[in-house]
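**Q** Data file my_file-v2.cif (mmCIF, C-alpha atoms) is appended below.
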```cif
data_work
#
loop_
_atom_site.label_atom_id
_atom_site.label_comp_id
_atom_site.auth_asym_id
_atom_site.auth_seq_id
_atom_site.Cartn_x
_atom_site.Cartn_y
_atom_site.Cartn_z
CA MET A 1 0.00 0.00 0.00
CA PRO A 2 1.41 3.49 -0.82
CA GLN A 3 3.11 5.28 2.03
CA VAL A 4 1.89 8.65 3.26
CA GLU A 5 4.48 11.17 2.12
CA PRO A 6 6.12 13.34 4.80
CA GLY A 7 4.64 16.53 3.36
CA GLY A 8 1.16 15.11 3.85
CA LEU A 9 1.90 14.20 7.46
CA THR A 10 3.17 17.72 8.11
CA ARG A 11 -0.09 19.16 6.81
CA ASN A 12 -2.06 16.71 8.95
CA ARG A 13 -0.03 17.68 12.00
CA ILE A 14 -0.49 21.43 11.44
CA ALA A 15 -4.24 20.93 11.03
CA THR A 16 -4.43 18.99 14.29
CA PHE A 17 -2.45 21.74 16.03
CA VAL A 18 -5.08 24.24 14.86
CA PHE A 19 -7.95 22.19 16.28
CA PHE A 20 -6.24 21.70 19.65
CA GLY A 21 -5.47 25.42 19.89
CA VAL A 22 -9.01 26.48 18.97
CA GLN A 23 -10.49 24.01 21.48
CA GLY A 24 -8.39 25.40 24.34
CA PHE A 25 -9.14 28.96 23.23
CA ALA A 26 -12.92 28.46 23.13
CA PHE A 27 -13.15 26.49 26.37
CA SER A 28 -11.06 29.00 28.31
CA LEU A 29 -12.91 31.98 26.87
CA LEU A 30 -16.24 30.57 28.01
CA THR A 31 -15.16 29.42 31.48
CA SER A 32 -13.28 32.67 32.20
CA LYS A 33 -16.56 34.58 31.82
CA VAL A 34 -18.68 32.40 34.11
CA SER A 35 -19.25 35.20 36.62
CA VAL A 36 -20.41 37.56 33.86
CA ILE A 37 -22.76 34.93 32.44
CA GLN A 38 -24.13 34.20 35.91
CA LYS A 39 -25.18 37.83 36.34
CA GLN A 40 -26.63 37.85 32.84
CA LEU A 41 -28.80 34.79 33.59
CA HIS A 42 -29.77 35.95 37.11
CA VAL A 43 -29.02 32.55 38.69
CA ASP A 44 -27.74 31.85 42.19
CA ASP A 45 -24.55 29.96 43.08
CA GLY A 46 -26.40 26.68 43.60
CA THR A 47 -27.98 26.78 40.15
CA LEU A 48 -24.66 27.79 38.63
CA SER A 49 -22.88 24.82 40.20
CA ILE A 50 -25.48 22.48 38.71
CA MET A 51 -25.04 24.07 35.29
CA LEU A 52 -21.27 23.71 35.51
CA ALA A 53 -21.60 20.06 36.55
CA LEU A 54 -23.72 19.39 33.46
CA VAL A 55 -20.87 20.32 31.12
CA PRO A 56 -18.55 17.35 31.92
CA ILE A 57 -21.55 15.00 32.00
CA LEU A 58 -22.71 16.11 28.56
CA ALA A 59 -19.13 16.08 27.30
CA GLY A 60 -18.81 12.48 28.44
CA VAL A 61 -21.95 11.63 26.47
CA GLY A 62 -20.53 13.44 23.45
CA SER A 63 -17.30 11.47 23.72
CA VAL A 64 -19.17 8.15 23.89
CA LEU A 65 -21.29 9.10 20.88
CA ALA A 66 -18.15 10.04 18.95
CA GLY A 67 -16.69 6.60 19.70
CA LEU A 68 -19.86 4.89 18.50
CA ALA A 69 -19.84 7.00 15.35
CA MET A 70 -16.42 5.62 14.39
CA ARG A 71 -18.14 2.42 13.25
CA TRP A 72 -19.67 4.21 10.27
CA THR A 73 -17.80 7.51 9.86
CA THR A 74 -14.36 9.02 10.55
CA SER A 75 -12.82 11.17 13.26
CA ALA A 76 -12.07 13.89 10.72
CA ALA A 77 -15.73 14.11 9.68
CA VAL A 78 -16.96 14.36 13.28
CA LEU A 79 -14.25 16.83 14.30
CA ARG A 80 -14.99 19.14 11.35
CA ILE A 81 -18.54 19.48 12.67
CA ALA A 82 -17.91 19.40 16.42
CA GLU A 83 -15.12 21.98 16.70
CA PRO A 84 -16.78 24.79 14.70
CA THR A 85 -19.84 24.13 16.88
CA VAL A 86 -17.79 24.52 20.09
CA VAL A 87 -16.42 27.91 19.09
CA GLY A 88 -19.42 29.04 17.04
CA ILE A 89 -21.92 28.56 19.86
CA LEU A 90 -20.15 31.37 21.73
CA VAL A 91 -22.05 33.85 19.56
CA VAL A 92 -25.33 32.74 21.11
CA VAL A 93 -24.19 32.84 24.75
CA PRO A 94 -24.54 36.64 25.26
CA LEU A 95 -28.06 36.49 23.79
CA THR A 96 -29.39 34.20 26.52
CA ARG A 97 -31.29 35.99 29.27
CA ASN A 98 -32.57 33.20 31.49
CA LEU A 99 -31.96 29.61 32.49
CA TYR A 100 -34.40 28.17 29.97
CA GLN A 101 -32.60 29.86 27.08
CA ALA A 102 -29.17 28.91 28.40
CA ILE A 103 -29.76 25.17 28.94
CA PRO A 104 -30.07 24.24 25.22
CA VAL A 105 -26.91 26.24 24.48
CA LEU A 106 -25.12 24.50 27.34
CA MET A 107 -26.22 21.09 26.05
CA ILE A 108 -24.94 21.77 22.54
CA PHE A 109 -21.65 23.11 23.91
CA GLY A 110 -21.09 20.12 26.22
CA LEU A 111 -21.88 17.48 23.60
CA ALA A 112 -19.71 19.25 21.01
CA VAL A 113 -16.78 19.61 23.45
CA GLY A 114 -16.87 15.87 24.19
CA ALA A 115 -17.06 14.88 20.53
CA ALA A 116 -14.27 17.31 19.61
CA ASP A 117 -12.02 16.16 22.48
CA ALA A 118 -12.40 12.52 21.51
CA THR A 119 -11.84 12.99 17.78
CA MET A 120 -8.95 15.44 18.24
CA ASN A 121 -7.16 12.84 20.30
CA MET A 122 -7.94 10.15 17.72
CA GLN A 123 -6.23 12.35 15.14
CA ALA A 124 -3.24 12.99 17.42
CA CYS A 125 -2.82 9.29 18.27
CA GLY A 126 -3.14 8.29 14.61
CA LEU A 127 -0.45 10.79 13.65
CA GLU A 128 1.82 9.61 16.45
CA ARG A 129 1.55 6.05 15.17
CA ARG A 130 2.52 7.17 11.68
CA TYR A 131 5.47 9.21 12.93
CA GLY A 132 6.63 6.26 15.03
CA ARG A 133 7.64 8.49 17.96
CA SER A 134 6.01 10.57 20.68
CA ILE A 135 4.47 13.78 19.33
CA ILE A 136 1.21 13.99 21.28
CA LEU A 137 2.38 16.24 24.12
CA ALA A 138 2.98 19.11 21.68
CA PHE A 139 -0.70 19.00 20.71
CA PHE A 140 -1.71 19.37 24.35
CA ALA A 141 0.79 22.22 24.70
CA LEU A 142 -1.10 24.01 21.93
CA TRP A 143 -4.35 23.39 23.81
CA ALA A 144 -2.88 25.01 26.90
CA ALA A 145 -1.44 27.89 24.87
CA GLY A 146 -4.85 28.38 23.26
CA ALA A 147 -6.40 28.47 26.73
CA ILE A 148 -4.00 31.22 27.79
CA VAL A 149 -4.85 33.23 24.66
CA GLY A 150 -8.58 32.67 25.28
CA SER A 151 -8.50 33.94 28.85
CA GLY A 152 -6.25 36.82 27.73
CA TRP A 153 -8.69 37.79 24.98
CA GLY A 154 -11.53 37.77 27.49
CA ALA A 155 -9.54 39.95 29.88
CA LEU A 156 -8.69 42.36 27.07
CA GLY A 157 -12.37 42.65 26.15
CA SER A 158 -13.25 43.46 29.74
CA ALA A 159 -10.46 46.02 30.06
CA ALA A 160 -11.56 47.71 26.83
CA GLY A 161 -15.15 47.81 28.00
CA TRP A 162 -16.48 45.68 25.13
CA HIS A 163 -19.83 43.98 25.44
CA LEU A 164 -19.53 40.21 25.80
CA SER A 165 -21.29 39.76 22.46
CA LEU A 166 -18.48 41.59 20.64
CA THR A 167 -15.75 39.64 22.45
CA TYR A 168 -17.41 36.34 21.61
CA LEU A 169 -18.33 37.30 18.04
CA VAL A 170 -14.74 38.11 17.09
CA ALA A 171 -13.52 34.92 18.78
CA ALA A 172 -16.13 32.79 17.01
CA VAL A 173 -15.37 34.25 13.57
CA VAL A 174 -11.63 33.67 13.95
CA GLY A 175 -12.06 30.21 15.48
CA VAL A 176 -14.59 28.93 12.95
CA ALA A 177 -12.51 30.29 10.06
CA ALA A 178 -9.40 28.53 11.40
CA THR A 179 -11.19 25.17 11.71
CA LEU A 180 -12.79 25.47 8.28
CA TYR A 181 -9.36 26.15 6.80
CA ALA A 182 -7.62 23.32 8.64
CA GLY A 183 -10.42 20.75 8.35
CA PRO A 184 -9.56 19.44 4.86
CA MET A 185 -5.97 18.78 5.99
CA LEU A 186 -6.91 16.33 8.77
CA LEU A 187 -6.23 12.61 8.44
CA LYS A 188 -9.19 11.49 6.39
CA ASN A 189 -9.57 8.01 7.83
CA LEU A 190 -7.57 6.57 10.70
CA ARG A 191 -8.48 3.10 9.45
CA ASP A 192 -7.04 3.63 5.97
CA GLU A 193 -4.32 0.99 6.35
CA THR A 194 -5.81 -2.34 7.42
CA ILE A 195 -8.58 -3.71 9.52
CA VAL A 196 -8.09 -7.16 10.96
CA LYS A 197 -11.21 -9.32 10.97
CA ASP A 198 -11.68 -12.73 12.48
CA ALA A 199 -12.67 -15.84 10.57
CA ASP A 200 -16.35 -14.84 10.77
CA GLY A 201 -15.68 -11.40 9.33
CA ARG A 202 -16.30 -9.57 12.60
CA LEU A 203 -14.24 -6.67 13.90
CA PRO A 204 -12.32 -7.49 17.09
CA HIS A 205 -13.54 -5.84 20.27
CA VAL A 206 -11.48 -3.17 22.01
CA PRO A 207 -10.33 -4.85 25.25
CA TRP A 208 -11.27 -3.14 28.51
CA ARG A 209 -8.96 -4.98 30.92
CA PRO A 210 -5.61 -3.48 29.80
CA MET A 211 -7.24 -0.04 29.84
CA LEU A 212 -8.74 -0.09 33.33
CA LEU A 213 -5.65 1.21 35.11
CA LEU A 214 -5.20 3.84 32.41
CA CYS A 215 -8.77 5.00 33.05
CA VAL A 216 -8.02 5.22 36.78
CA VAL A 217 -4.91 7.32 36.07
CA MET A 218 -6.91 9.59 33.76
CA THR A 219 -9.52 10.13 36.49
CA LEU A 220 -6.91 10.85 39.17
CA ALA A 221 -5.04 13.26 36.88
CA TYR A 222 -8.17 15.26 36.16
CA ILE A 223 -9.18 15.27 39.83
CA GLY A 224 -5.86 17.02 40.41
CA GLU A 225 -6.39 19.41 37.51
CA SER A 226 -9.98 20.22 38.47
CA SER A 227 -8.88 20.91 42.03
CA VAL A 228 -6.48 23.55 40.75
CA THR A 229 -8.56 25.19 38.03
CA ALA A 230 -11.88 25.26 39.92
CA ALA A 231 -10.78 25.52 43.56
CA GLY A 232 -7.26 26.94 43.44
CA SER A 233 -8.34 30.58 43.46
CA ASP A 234 -10.54 29.96 46.51
CA TYR A 235 -7.56 28.35 48.23
CA LEU A 236 -5.51 31.51 47.77
CA THR A 237 -8.21 34.03 48.62
CA LYS A 238 -9.86 32.18 51.51
CA GLY A 239 -7.14 29.83 52.76
CA LEU A 240 -4.15 32.15 52.39
CA LYS A 241 -6.16 35.40 52.66
CA SER A 242 -4.66 36.78 49.45
CA SER A 243 -6.25 39.32 47.12
CA ASP A 244 -8.58 38.48 44.25
CA THR A 245 -5.77 39.47 41.88
CA PHE A 246 -3.58 36.63 43.12
CA GLY A 247 -6.53 34.24 43.04
CA GLY A 248 -7.03 35.02 39.37
CA LEU A 249 -3.42 34.02 38.60
CA VAL A 250 -3.76 30.41 39.74
CA VAL A 251 -5.02 28.99 36.45
CA GLY A 252 -2.45 31.02 34.51
CA ALA A 253 0.44 29.70 36.63
CA TYR A 254 -0.79 26.12 36.38
CA THR A 255 -1.37 26.34 32.62
CA LEU A 256 2.05 27.92 32.07
CA GLY A 257 3.60 24.94 33.84
CA GLN A 258 1.71 22.62 31.49
CA VAL A 259 2.89 24.50 28.41
CA LEU A 260 6.51 24.32 29.56
CA GLY A 261 6.26 20.61 30.35
CA ARG A 262 4.48 19.60 27.17
CA PHE A 263 6.69 21.39 24.67
CA ARG A 264 9.66 19.29 25.85
CA GLY A 265 7.68 16.27 26.98
CA ASP A 266 7.75 14.38 23.69
CA LEU A 267 11.55 14.32 23.73
CA ALA A 268 11.48 12.98 27.29
CA VAL A 269 9.09 10.18 26.26
CA GLN A 270 11.26 9.30 23.27
CA ARG A 271 14.37 9.05 25.45
CA GLY A 272 13.05 7.61 28.69
CA GLY A 273 9.81 5.86 27.79
CA SER A 274 6.25 6.45 28.98
CA VAL A 275 6.54 4.68 32.35
CA LYS A 276 9.49 6.75 33.55
CA VAL A 277 7.98 10.01 32.31
CA VAL A 278 4.61 9.34 33.94
CA ARG A 279 6.20 8.32 37.24
CA ALA A 280 8.56 11.31 37.28
CA GLY A 281 5.73 13.66 36.31
CA ALA A 282 3.54 12.37 39.14
CA VAL A 283 6.37 12.85 41.66
CA ILE A 284 6.94 16.43 40.46
CA CYS A 285 3.21 17.14 40.62
CA VAL A 286 3.04 15.82 44.19
CA ALA A 287 5.97 18.08 45.09
CA GLY A 288 4.10 21.03 43.59
CA PHE A 289 0.97 20.26 45.60
CA ALA A 290 3.13 19.87 48.72
CA ILE A 291 4.46 23.40 48.18
CA VAL A 292 0.88 24.65 47.75
CA VAL A 293 -0.29 22.93 50.94
CA GLY A 294 2.65 24.27 52.94
CA ALA A 295 2.69 27.73 51.36
CA THR A 296 3.01 30.68 53.73
CA GLY A 297 1.92 33.20 51.11
CA PRO A 298 0.46 33.56 47.60
CA TYR A 299 3.79 33.74 45.76
CA MET A 300 4.89 30.39 47.17
CA ALA A 301 1.48 28.87 46.35
CA LEU A 302 1.58 30.13 42.75
CA ALA A 303 5.04 28.58 42.35
CA GLY A 304 3.62 25.31 43.65
CA PHE A 305 0.72 25.42 41.19
CA LEU A 306 3.17 26.04 38.33
CA ILE A 307 5.27 23.04 39.38
CA ALA A 308 2.15 20.89 39.73
CA GLY A 309 1.11 21.84 36.20
CA PHE A 310 4.59 21.00 34.89
CA GLY A 311 4.52 17.59 36.56
CA LEU A 312 0.99 16.71 35.50
CA SER A 313 1.54 17.86 31.90
CA PRO A 314 2.62 14.52 30.34
CA LEU A 315 0.16 12.22 32.12
CA VAL A 316 -3.00 12.79 30.09
CA PRO A 317 -1.43 12.89 26.59
CA VAL A 318 0.57 9.73 27.27
CA ALA A 319 -2.59 8.06 28.63
CA PHE A 320 -4.31 8.67 25.29
CA THR A 321 -1.36 7.13 23.45
CA ALA A 322 -1.39 4.09 25.74
CA ALA A 323 -5.16 3.68 25.25
CA TYR A 324 -4.78 3.88 21.48
CA ALA A 325 -2.25 1.05 21.62
CA ASN A 326 -5.03 -1.12 23.08
CA ASP A 327 -7.28 -0.56 20.05
CA PRO A 328 -6.77 -3.60 17.79
CA THR A 329 -8.42 -1.89 14.79
CA GLY A 330 -7.00 1.62 15.17
CA SER A 331 -10.61 2.83 15.09
CA GLY A 332 -10.37 5.42 17.86
CA VAL A 333 -12.92 3.68 20.08
CA ALA A 334 -10.38 3.24 22.91
CA VAL A 335 -9.53 6.95 22.80
CA ALA A 336 -13.20 7.88 23.06
CA ARG A 337 -13.59 5.52 26.04
CA ILE A 338 -10.70 6.85 28.07
CA ASN A 339 -11.71 10.41 27.26
CA VAL A 340 -14.88 9.87 29.32
CA PHE A 341 -12.73 9.50 32.45
CA ASN A 342 -11.36 12.98 31.76
CA TYR A 343 -14.83 14.35 32.54
CA LEU A 344 -15.33 12.00 35.47
CA GLY A 345 -12.20 13.45 37.07
CA PHE A 346 -13.42 16.99 36.46
CA LEU A 347 -16.79 16.11 37.95
CA LEU A 348 -15.19 14.69 41.11
CA GLY A 349 -12.20 16.96 41.71
CA ALA A 350 -13.42 20.43 42.63
CA PRO A 351 -16.62 19.27 44.41
CA LEU A 352 -14.51 16.89 46.50
CA VAL A 353 -12.16 19.64 47.69
CA THR A 354 -14.80 22.32 48.18
CA GLY A 355 -17.10 19.79 49.84
CA LEU A 356 -14.41 18.98 52.38
CA TRP A 357 -13.96 22.70 53.04
CA GLY A 358 -17.70 23.03 53.56
CA ALA A 359 -17.60 20.14 56.04
CA GLY A 360 -15.11 21.99 58.20
CA VAL A 361 -11.83 20.58 56.87
CA SER A 362 -9.13 23.26 56.66
CA HIS A 363 -8.11 24.61 53.27
CA ARG A 364 -4.64 23.09 53.56
CA GLU A 365 -6.01 19.66 54.43
CA GLY A 366 -8.55 19.84 51.61
CA MET A 367 -5.89 20.68 49.03
CA ALA A 368 -3.79 17.77 50.31
CA VAL A 369 -6.42 15.32 49.04
CA PRO A 370 -5.61 15.71 45.32
CA MET A 371 -1.92 15.54 46.26
CA VAL A 372 -2.46 12.08 47.74
CA MET A 373 -4.46 10.98 44.68
CA ILE A 374 -1.72 12.07 42.31
CA ALA A 375 0.74 10.12 44.47
CA VAL A 376 -1.22 6.96 43.64
CA ILE A 377 -0.26 7.47 39.98
CA VAL A 378 3.37 6.83 40.96
CA LEU A 379 2.31 3.29 41.86
CA LEU A 380 0.20 2.84 38.71
CA ALA A 381 2.78 4.09 36.21
CA TYR A 382 3.53 0.52 35.10
CA ALA A 383 0.15 0.59 33.31
CA PHE A 384 1.84 2.68 30.61
CA ASP A 385 4.25 -0.11 29.70
CA PRO A 386 3.63 -0.74 25.96
CA ARG A 387 4.17 -4.47 26.51
CA ARG A 388 0.80 -4.59 28.29
CA ALA A 389 -1.04 -3.66 25.09
CA PRO A 390 -2.02 -6.16 22.37
CA VAL A 391 -0.10 -6.02 19.10
CA HIS A 392 -1.54 -3.40 16.77
CA PRO A 393 -2.73 -4.76 13.41
CA ALA A 394 -0.76 -2.16 11.49
CA ALA A 395 2.69 -0.86 12.18
CA ALA A 396 3.60 2.80 12.25
CA GLY A 397 4.46 2.97 8.57
CA GLY A 398 1.22 1.47 7.42
CA GLN A 399 2.54 -2.09 7.04
CA PRO A 400 0.14 -4.77 8.25
CA THR A 401 1.27 -7.34 10.74
CA PRO A 402 0.88 -10.97 9.75
CA ALA A 403 -2.55 -12.43 10.33
CA VAL A 404 -2.79 -15.16 12.93
CA GLY A 405 -5.44 -17.55 14.08
CA GLY A 406 -7.29 -17.58 10.79
CA ALA A 407 -7.75 -13.78 10.67
CA GLU A 408 -7.66 -12.04 7.32
CA THR A 409 -6.17 -8.63 6.60
CA VAL A 410 -8.62 -6.48 4.69
CA PRO A 411 -7.54 -3.20 3.08
CA THR A 412 -9.89 -0.27 3.56
CA LEU A 413 -10.34 2.87 1.52
CA GLY A 414 -9.82 6.38 2.85
CA THR A 415 -12.58 8.92 2.59
#
```
Can you dump the structure from the file as structure tokens?

**A**
Amino acid sequence: MPQVEPGGLTRNRIATFVFFGVQGFAFSLLTSKVSVIQKQLHVDDGTLSIMLALVPILAGVGSVLAGLAMRWTTSAAVLRIAEPTVVGILVVVPLTRNLYQAIPVLMIFGLAVGAADATMNMQACGLERRYGRSIILAFFALWAAGAIVGSGWGALGSAAGWHLSLTYLVAAVVGVAATLYAGPMLLKNLRDETIVKDADGRLPHVPWRPMLLLCVVMTLAYIGESSVTAAGSDYLTKGLKSSDTFGGLVVGAYTLGQVLGRFRGDLAVQRGGSVKVVRAGAVICVAGFAIVVGATGPYMALAGFLIAGFGLSPLVPVAFTAAYANDPTGSGVAVARINVFNYLGFLLGAPLVTGLWGAGVSHREGMAVPMVMIAVIVLLAYAFDPRRAPVHPAAAGGQPTPAVGGAETVPTLGT
């Protein structure tokens, strides 16, 4: 079968970078304006917390649906619809005036985020397999960089006195245009090499057992991340009695740490392997949380959040790669499955920490909980050993592996 020429892979990689960046940009721009939207909708804190909890739940549903859709369509086709929806729906947000108008918008956003997350990672994992080396962390670095730009654009709009509708309209036009431009350059069909069928002509099932520990790691990682992004500012302002200005810097410090870790993370994986990188990253993240818990002031806490972000930065991207290795057809179903545990972690993390605070646990003790959970990842790092995954039916260069046990190798056509 003809090999994909390097120039084509470069175009595919650039296109995937665009989608990761736009996703981070749109998500950050929406979440950074939650307080503004709350006033616009005239809802109390309790109602707002329920609305925010709906997003990861709906995103999980969207991710599952994207995985099911891979049986009859491609990740590129789903992503080219989902991502413009994620950023385009921002235009409608400032037009909502009550809860009943906002819920349908929230539902569309959540489902689209989940579908886009799943299919973006399918694209990234498919490209990594073709390159034959770790490249996935750079995609997540672009997501984090996009998130920084998104929050910065929102802050600029507020400083300039723009109405939210103008801020979101400009963002939506730029984001949709970028995805429409990059869409045709995505990998057309991740199953364009071979699909291995059994003697009865059935596709093999994606095994759950080798993925279970990876799913646990994904959940623990996002519990840690959610604890920082959703509860970190409260820790500074209420636990350390710092100003709101310092509280607003928590997510920026954490995200900066992720960007720094991910831009060099692929080289670390190539040299040391996934197990060592995951274990070292978890240890660094625990050290960062320990600094946060023991901080005597906001500067020390912000440094701890940055270190935690640096340490946590490789865990999630490498988990997607490890899950993809467990997909015997290269269909992307395994990626969609593990992506659901991303949202489970988000759903559990911040409510766990804030709930402990509400029950009378001190802020330091509450923030120590995600630190302990990240420490568990040190013990589970062996789950990233590639020898635990079944042999993939196609090698990185598109060459099929020999059929065994009466299976036949069937070429498939790209879209």

**Q** List the residues matched by the PyMOL selection byres ((chain A and resi 77) around 12) in the displayed structure as a ChimeraX atom specification, ordered by chain and then by residue number.

**A** /A:66,69-70,72-76,78-84,115-116,119-120,122-123,180,183-190,414-415

**Q** Selection from above, C-alpha atoms, as a CSV table (one decimal), in the coordinates of the input, can you write it?

**A**
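Generated output (again-v5.csv):
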```csv
chain,number,residue,atom,x,y,z
A,66,ALA,CA,-18.2,10.0,19.0
A,69,ALA,CA,-19.8,7.0,15.4
A,70,MET,CA,-16.4,5.6,14.4
A,72,TRP,CA,-19.7,4.2,10.3
A,73,THR,CA,-17.8,7.5,9.9
A,74,THR,CA,-14.4,9.0,10.6
A,75,SER,CA,-12.8,11.2,13.3
A,76,ALA,CA,-12.1,13.9,10.7
A,78,VAL,CA,-17.0,14.4,13.3
A,79,LEU,CA,-14.2,16.8,14.3
A,80,ARG,CA,-15.0,19.1,11.4
A,81,ILE,CA,-18.5,19.5,12.7
A,82,ALA,CA,-17.9,19.4,16.4
A,83,GLU,CA,-15.1,22.0,16.7
A,84,PRO,CA,-16.8,24.8,14.7
A,115,ALA,CA,-17.1,14.9,20.5
A,116,ALA,CA,-14.3,17.3,19.6
A,119,THR,CA,-11.8,13.0,17.8
A,120,MET,CA,-9.0,15.4,18.2
A,122,MET,CA,-7.9,10.2,17.7
A,123,GLN,CA,-6.2,12.4,15.1
A,180,LEU,CA,-12.8,25.5,8.3
A,183,GLY,CA,-10.4,20.8,8.4
A,184,PRO,CA,-9.6,19.4,4.9
A,185,MET,CA,-6.0,18.8,6.0
A,186,LEU,CA,-6.9,16.3,8.8
A,187,LEU,CA,-6.2,12.6,8.4
A,188,LYS,CA,-9.2,11.5,6.4
A,189,ASN,CA,-9.6,8.0,7.8
A,190,LEU,CA,-7.6,6.6,10.7
A,414,GLY,CA,-9.8,6.4,2.8
A,415,THR,CA,-12.6,8.9,2.6
```

**Q** Just to confirm, what's the straight-line distance from atom CA of A:Val36 to atom CA of A:Gly114 in Å (one decimal)?

**A**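 Value for the atom CA of A:Val36-atom CA of A:Gly114 distance: 24.0 Å.
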
**Q** I need the output of the PyMOL selection byres ((chain A and resi 252) around 12) for this file as a ChimeraX atom specification; which residues are they?

**A** /A:28,32,144-152,228-229,232-233,245-251,253-259,302-303,305-306,309

**Q** Can you list every residue of stretch 191-292 of chain A that has an atom at most 9 Å from stretch 129-142 of chain A, with its nearest atom pair and the distance in Å to one decimal, using only C-alpha atoms, ordered by chain then number, as CSV?

**A**
```
residue,atom,partner,partner_atom,distance
A:Gln258,CA,A:Ala141,CA,6.9
A:Val259,CA,A:Ala141,CA,4.8
A:Leu260,CA,A:Ala141,CA,7.8
A:Gly261,CA,A:Ala141,CA,8.0
A:Arg262,CA,A:Leu137,CA,5.0
A:Phe263,CA,A:Ala138,CA,5.3
A:Arg264,CA,A:Ala138,CA,7.9
A:Gly265,CA,A:Leu137,CA,6.0
A:Asp266,CA,A:Ser134,CA,5.2
A:Leu267,CA,A:Ser134,CA,7.4
A:Ala268,CA,A:Ser134,CA,8.9
A:Val269,CA,A:Ser134,CA,6.4
A:Gln270,CA,A:Ser134,CA,6.0
```

**Q** Mind pulling up the distance from atom CA of A:Gly366 to atom CA of A:Phe289?

**A**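 Distance between the two atoms: 11.3 Å.
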
**Q** List every protein, DNA or RNA residue that has at least one atom no more than 7 Å from (-14.5, 37.5, 25.0) in the file's coordinates, counting all atoms listed in the file, and write the result as JSON, numbers by chain.

**A** {"A": [29, 153, 154, 157, 164, 167, 168, 171]}

**Q** Applying the PyMOL selection byres ((chain A and resi 312) around 8) to the file I just gave you, which residues come out? Please list them as a list in words.

**A**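 Given this file, the PyMOL selection byres ((chain A and resi 312) around 8) evaluates to Ala221, Gln258, Gly281, Ala282, Ile284, Cys285, Ala308, Gly309, Phe310, Gly311, Ser313, Pro314, Leu315 and Val316 of chain A.
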
**Q** A:Tyr382, A:Tyr343, A:Phe320, A:Trp143: which is nearest A:Ala26, counting all atoms listed in the file?

**A**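 Looking only at the distances to A:Ala26, the closest residue turns out to be A:Trp143.
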
**Q** Rank A:Ala287, A:Val361, A:Leu240, A:Ala381 by their smallest atom-to-atom distance to A:Ser274, using only C-alpha atoms, and report the top residue only.

**A**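 Among the listed residues, A:Ala381 lies closest to A:Ser274.
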
**Q** Which residues are close to A:Arg387, i.e. within 12 Å by only C-alpha atoms, leaving aside same-chain residues fewer than 6 positions away? Reply as a PyMOL selection string.

**A** chain A and resi 210+273-275+322+325-326

**Q** Have a look at atom CA of A:Ala336 and atom CA of A:Cys125 and let me know their distance in Å, one decimal.

**A**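 Computing it gives 11.5 Å between the two atoms.
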
**Q** For A:Ala59, list every protein, DNA or RNA residue within 10 Å, evaluated using all atoms listed in the file, and leave out those in the same chain fewer than 6 positions away; present the list as a ChimeraX atom specification.

**A** /A:65,107-118,339-340,342-344

**Q** A:Tyr222: which residues within 9 Å, counting all atoms listed in the file, same-chain residues fewer than 3 positions away excluded, as an MDAnalysis selection string?

**A** chainID A and resid 217:219 225:227 316 341:349
